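S.K.: Below is the structure I would like to discuss, written out as structure tokens.
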Amino acid sequence: MGGRVVDGFVPPPYPHDRLDELRGVADSFDGGVVDLSVGAPSDPPPPEASAALSASNAERGYPASIGSPGYREAAMGWLSRRFGVEADDAAVAACVGTKEFVASLPRGLHLRDPGRDTVLYPAVSYPTYAMGAALAGCRAVAVPVDRRWRLDLAAVDPDDAARALCLWVNTPGNPAGGLEDLAAIARWGRERRVPVFSDECYIEFTWGADTGASILHHGASGVVAVHSLSKRSNMAGIRAGFFAGDPELVGYLAEVRKHAGMMVPGPAQAAAVAAFNDDAHVDAQRAVYRSRLHRLREILSVYDAEVSLPGGGLYLWAASPDGDGWALARRVAVEIGALVSPGEFYGSAGSGHIRVAAVAPDSRIDLLEQRMAARRGDTVGE
């Protein structure tokens with residue numbers, strides 16, 4: 001016999017599903033909606049990765065949950081080559097993209113330490129950090145952020161720290177592009193015996209520094225870095241990432257994940273190795289994203305004259321003139337046919353902003369520029 005569970009977990013509406021009405025408004029324009037709401041890459045992956053995907057001959061057998069030796073070697077080789085992270089004392093394991101790792105982490109950590117029940121995460125951030133806690137039946141406690149959209153760890157209640165399974169940090173940050181002080185965050189976690197998980201999926205797109213920063217620059221003890229090929233190599237559909245750091249933490253989570261059958265498919269692992277071993281496509285992509293951020297900033301300056309380029313990441317974080325992010329998202333849809341994300345998706349502290357993803361093809365940004373130019377002309381003539 002079936003029936004609705006009255007007191008059970010009821011999933012909230014998925015954030016971007018709430019944009020359907022605005023999508024219809026924007027799609028009424030000639031040329032259709034220009035979707036800047038989701039950070040889904042539109043540019044091609046490196047051809048070497050596509051070739052490896054189709055020629056891997058790895059379809060028949062079960063892939064190693066931890067990742068093949070070549071996969072893990074390529075991942076750590078990339079960190080060493082690009083960022084000078086020599087992680088000799090760190091362990092590394094594969095994950096099926098990083099969203100599933102973020103969502104499943106609290107359950108694994110709670111099994112490891114049932115006496116703790118709290119996930120600390122940035123108050124303005126990717127919503128899956130909090131959702132992972134909810135899916136594990138744990139507490140999600142938002143850590144306030146400062147004016148630079150960085151964690152204010154002094155604001156963490158000691159009781160919450162004592163109950164914490166982990167602290168999430170995201171740098172460069174989604175949605176606001178802040179760059180965190182990872183040395184201070186690693187020290188905070190070690191002093192309180194709170195494992196720190198650093199989501200570094202935008203590390204290749206750090207604009208406010210010469211190179212990206214990893215928490216592994218500050219040692220592996222008590223910390224884990226989480227990386228993905230979704231943004232770096234335009235391979236979001238491949239679902240390939242890895243986590244590396246404290247050997248005890250990585251080893252425990254890798255064993256739990258093995259029992260759960262969490263495996264990056266063999267062909268995807270082959271494609272990932274090819275992508276990790278090539279940097280030229282990333283350098284080209286960096287130039288593309290930087291150009292798009294500048295172009296979109298010029299368009300958005302009509303709404304927020306002070307919108308600034310992020311310290312890193314693929315997003316502009318623009319303030320609504322009246323403090324209402326949903327109202328600004330509607331204006332952008334009505335006036336130029338663009339779909340953007342209200343800041344409320346990333347926490348109530350972001351409700352006065354919108355997030356604009358610089359992922360649409362350049363031809364679609366051309367269209368926005370044309371629409372904005374036409375609108376400015378109409379305004380002048382009124």
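The way I read the labels, and the way they are meant: chains A, B, ... in the order of the structure tokens, residue 1 as the first residue of every chain, and ligand 1 as the first ligand shown, with later ones counted on from there.
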Give me, as a VMD selection string, all polymer residues having an atom no more than 9 Å from range 86-102 of chain A, counting only C-alpha atoms and skipping those fewer than 3 positions away in the same chain.
M.R.: chain A and resid 64 to 68 71 to 73 75 to 77 79 to 80 83 105 to 106 128 to 129 131 to 132 199 201 216 to 217 219 to 221 224 226 to 230 236 to 251 253 to 254 257 262 to 265 269
S.K.: From range 165-337 of chain A, collect each residue whose DSSP state is alpha helix (DSSP H) and return the set as a PyMOL selection string.
M.R.: chain A and resi 182-192+229-232+247-259+266-276+280-300+325-336
S.K.: Smallest atom-to-atom distance to Gly84 in chain A: which of A:Leu135, A:Leu22, A:Ala213, A:Val38, using only C-alpha atoms?
M.R.: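 Smallest separation from Gly84 in chain A among the options: A:Ala213.
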S.K.: Between A:Val332, A:Ala268, A:Arg290, A:Gly178, which has the minimum distance to Ala55 in chain A (counting only C-alpha atoms)?
M.R.: A:Ala268
S.K.: Report, in Å to a single decimal, how far apart CA of Asp43 in chain A and CA of His16 in chain A are.
M.R.: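 CA of His16 in chain A sits 21.3 Å away from CA of Asp43 in chain A.
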S.K.: Rounded to one decimal, what separation in Å do you get between CA of Gly8 in chain A and CA of Tyr346 in chain A?
M.R.: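 Separation of CA of Gly8 in chain A and CA of Tyr346 in chain A: 24.3 Å.
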S.K.: Just checking: using only C-alpha atoms, which residue out of A:Arg364, A:Arg330, A:Arg147, A:Arg376 ends up closest to Val25 in chain A?
M.R.: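 Looking at the shortest contact to Val25 in chain A, the residue is A:Arg330.
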S.K.: From the DSSP assignment of the backbone, select every residue of range 150-291 of chain A that is strand (DSSP E or B), and format the answer as a short mmCIF file (atom, residue, chain, number, x, y, z; two decimals) with C-alpha atoms, in the first residue's frame.
M.R.:
data_model
loop_
_atom_site.label_atom_id
_atom_site.label_comp_id
_atom_site.auth_asym_id
_atom_site.auth_seq_id
_atom_site.Cartn_x
_atom_site.Cartn_y
_atom_site.Cartn_z
CA LEU A 151 33.80 33.42 4.90
CA ALA A 164 30.58 20.21 12.56
CA LEU A 165 31.14 17.27 10.24
CA CYS A 166 32.85 19.61 7.81
CA LEU A 167 33.29 23.17 6.61
CA TRP A 168 32.76 23.86 2.91
CA VAL A 169 34.72 26.62 1.22
CA ASN A 170 34.41 27.54 -2.47
CA VAL A 196 37.69 21.44 5.51
CA PHE A 197 36.47 20.61 2.01
CA SER A 198 37.58 23.14 -0.59
CA ASP A 199 35.53 23.23 -3.80
CA THR A 206 41.13 32.97 -11.28
CA VAL A 223 41.66 19.11 4.33
CA VAL A 224 40.36 17.85 0.99
CA ALA A 225 40.39 19.70 -2.35
CA VAL A 226 37.59 18.93 -4.82
CA HIS A 227 38.09 19.40 -8.57
CA SER A 228 36.09 18.93 -11.74
CA GLY A 241 36.21 14.92 -11.12
CA PHE A 242 38.40 14.01 -8.17
CA PHE A 243 39.02 14.74 -4.52
CA ALA A 244 42.45 14.81 -2.91
CA GLY A 245 43.94 15.54 0.47
#
